[in-house]
Amino acid sequence: MRQILFLVVFSMSALSYGQLDDKMTTIDFVQILNNNKDEAVYYYSNNWKVLREMAQEQNYIASFQILETPFSEASPFHFMLITTYADSYQYKSREAHFEELIKEKGALRLMNEKQPNEFRKTLFSKEGIRHWK
């Protein structure tokens, strides 16, 4: 009987190990161009962050973060922009939801006359990142 109980408990714990959560995340790895950090910080604070706050209020996303990281040759980016969705529905609806929010928010807010492609570059993005339980 003990052996059977052990096998049942072991089997159930093995099932939960490494199982995926419903959450999904996207991460953009962003490089600041031409030492324009002030412009990039302003841009992300007044556009990207504002849209994520709106999305969170509308329950379009679960969470978001902006992380700043030291630049190096091995990792030539300055920011990681992370958006987490509660489930596959939020994730699959992201483009329509952000399109709606962009219209609602209005014009792009910039610090000066410099356009985003002059002060930042998304080196690469990771989509559909799954979370473990």
# chains A, B, ... in the order shown; residues from 1 in each chain; ligands from 1
>>> residues_around(residues="stretch 98-115 of chain A", least_positions_apart="3", cutoff="6 Å", atoms="only C-alpha atoms", output="short mmCIF file (atom, residue, chain, number, x, y, z; two decimals) with C-alpha atoms, in the first residue's frame")
data_model
loop_
_atom_site.label_atom_id
_atom_site.label_comp_id
_atom_site.auth_asym_id
_atom_site.auth_seq_id
_atom_site.Cartn_x
_atom_site.Cartn_y
_atom_site.Cartn_z
CA GLU A 39 15.31 60.85 -25.63
CA TYR A 43 9.97 58.10 -25.28
CA ARG A 94 -2.55 42.10 -28.24
CA GLU A 95 -2.26 43.79 -31.63
CA GLU A 118 17.19 58.24 -34.48
#
>>> residues_around(residues="A:Asn35", least_positions_apart="4", cutoff="12 Å", atoms="only C-alpha atoms", output="PyMOL selection string")
chain A and resi 31+39-41+71+78+118-120
>>> residues_around(residues="A:Ser88", least_positions_apart="6", cutoff="9 Å", atoms="only C-alpha atoms", output="MDAnalysis selection string")
chainID A and resid 22:24
>>> atom_distance(atom1="atom CA of A:Thr26", atom2="atom CA of A:Tyr85")
8.5 Å
>>> closest_residue(among="A:Val30, A:Ala55, A:Ala62, A:Leu20", to="A:Ala86", atoms="only C-alpha atoms")
A:Ala62
>>> atom_distance(atom1="atom CA of A:Arg52", atom2="atom CA of A:Leu33")
23.5 Å
>>> atom_distance(atom1="atom CA of A:Glu68", atom2="atom CA of A:Trp132")
24.1 Å
>>> closest_residue(among="A:Thr122, A:Gln19, A:Ser63, A:Ser45", to="A:Phe79", atoms="only C-alpha atoms")
A:Thr122
>>> select_by_dssp(residues="stretch 23-133 of chain A", states="strand (DSSP E or B)", output="count of residues only")
36
>>> select_by_dssp(residues="chain A", states="helix (DSSP H, G or I)", output="PyMOL selection string")
chain A and resi 2-16+37-57+88-92+94-105+116-119
>>> decode(residues="stretch 101-124 of chain A", atoms="N, CA and C atoms", output="mmCIF file, in the first residue's frame")
data_model
loop_
_atom_site.group_PDB
_atom_site.id
_atom_site.type_symbol
_atom_site.label_atom_id
_atom_site.label_comp_id
_atom_site.auth_asym_id
_atom_site.auth_seq_id
_atom_site.Cartn_x
_atom_site.Cartn_y
_atom_site.Cartn_z
ATOM 1 N N LEU A 101 -5.706 51.190 -28.120
ATOM 2 C CA LEU A 101 -5.132 52.074 -27.107
ATOM 3 C C LEU A 101 -4.295 53.191 -27.722
ATOM 4 N N ILE A 102 -3.592 52.900 -28.803
ATOM 5 C CA ILE A 102 -2.792 53.924 -29.488
ATOM 6 C C ILE A 102 -3.709 55.017 -30.018
ATOM 7 N N LYS A 103 -4.838 54.637 -30.597
ATOM 8 C CA LYS A 103 -5.817 55.625 -31.078
ATOM 9 C C LYS A 103 -6.334 56.465 -29.917
ATOM 10 N N GLU A 104 -6.631 55.809 -28.811
ATOM 11 C CA GLU A 104 -7.151 56.504 -27.633
ATOM 12 C C GLU A 104 -6.111 57.460 -27.046
ATOM 13 N N LYS A 105 -4.869 57.025 -26.971
ATOM 14 C CA LYS A 105 -3.794 57.837 -26.387
ATOM 15 C C LYS A 105 -3.484 59.062 -27.227
ATOM 16 N N GLY A 106 -3.513 58.904 -28.531
ATOM 17 C CA GLY A 106 -3.211 60.037 -29.397
ATOM 18 C C GLY A 106 -1.763 60.066 -29.841
ATOM 19 N N ALA A 107 -1.322 61.242 -30.219
ATOM 20 C CA ALA A 107 -0.013 61.440 -30.857
ATOM 21 C C ALA A 107 1.145 60.948 -29.993
ATOM 22 N N LEU A 108 2.186 60.542 -30.688
ATOM 23 C CA LEU A 108 3.434 60.121 -30.066
ATOM 24 C C LEU A 108 4.032 61.307 -29.313
ATOM 25 N N ARG A 109 4.494 61.069 -28.108
ATOM 26 C CA ARG A 109 5.129 62.137 -27.324
ATOM 27 C C ARG A 109 6.637 61.972 -27.417
ATOM 28 N N LEU A 110 7.286 63.006 -27.904
ATOM 29 C CA LEU A 110 8.735 63.017 -28.071
ATOM 30 C C LEU A 110 9.337 64.172 -27.287
ATOM 31 N N MET A 111 10.572 63.994 -26.829
ATOM 32 C CA MET A 111 11.251 65.009 -26.041
ATOM 33 C C MET A 111 11.630 66.228 -26.879
ATOM 34 N N ASN A 112 11.991 65.968 -28.133
ATOM 35 C CA ASN A 112 12.419 67.029 -29.031
ATOM 36 C C ASN A 112 12.073 66.601 -30.465
ATOM 37 N N GLU A 113 12.752 67.155 -31.444
ATOM 38 C CA GLU A 113 12.433 66.853 -32.845
ATOM 39 C C GLU A 113 12.958 65.491 -33.309
ATOM 40 N N LYS A 114 13.776 64.835 -32.504
ATOM 41 C CA LYS A 114 14.323 63.532 -32.899
ATOM 42 C C LYS A 114 13.227 62.480 -32.950
ATOM 43 N N GLN A 115 13.231 61.713 -34.031
ATOM 44 C CA GLN A 115 12.272 60.634 -34.217
ATOM 45 C C GLN A 115 12.809 59.344 -33.583
ATOM 46 N N PRO A 116 11.919 58.413 -33.205
ATOM 47 C CA PRO A 116 12.355 57.184 -32.531
ATOM 48 C C PRO A 116 13.480 56.429 -33.236
ATOM 49 N N ASN A 117 13.467 56.363 -34.562
ATOM 50 C CA ASN A 117 14.530 55.621 -35.263
ATOM 51 C C ASN A 117 15.885 56.315 -35.183
ATOM 52 N N GLU A 118 15.922 57.525 -34.665
ATOM 53 C CA GLU A 118 17.186 58.239 -34.481
ATOM 54 C C GLU A 118 17.810 57.972 -33.114
ATOM 55 N N PHE A 119 17.021 57.516 -32.143
ATOM 56 C CA PHE A 119 17.573 57.352 -30.796
ATOM 57 C C PHE A 119 17.411 55.955 -30.210
ATOM 58 N N ARG A 120 16.694 55.063 -30.896
ATOM 59 C CA ARG A 120 16.568 53.705 -30.367
ATOM 60 C C ARG A 120 16.375 52.713 -31.505
ATOM 61 N N LYS A 121 16.807 51.484 -31.210
ATOM 62 C CA LYS A 121 16.686 50.414 -32.191
ATOM 63 C C LYS A 121 16.350 49.120 -31.443
ATOM 64 N N THR A 122 15.282 48.460 -31.876
ATOM 65 C CA THR A 122 14.966 47.156 -31.307
ATOM 66 C C THR A 122 15.822 46.128 -32.025
ATOM 67 N N LEU A 123 16.780 45.558 -31.307
ATOM 68 C CA LEU A 123 17.703 44.592 -31.909
ATOM 69 C C LEU A 123 16.993 43.293 -32.237
ATOM 70 N N PHE A 124 16.193 42.817 -31.286
ATOM 71 C CA PHE A 124 15.394 41.627 -31.536
ATOM 72 C C PHE A 124 14.307 41.528 -30.487
#
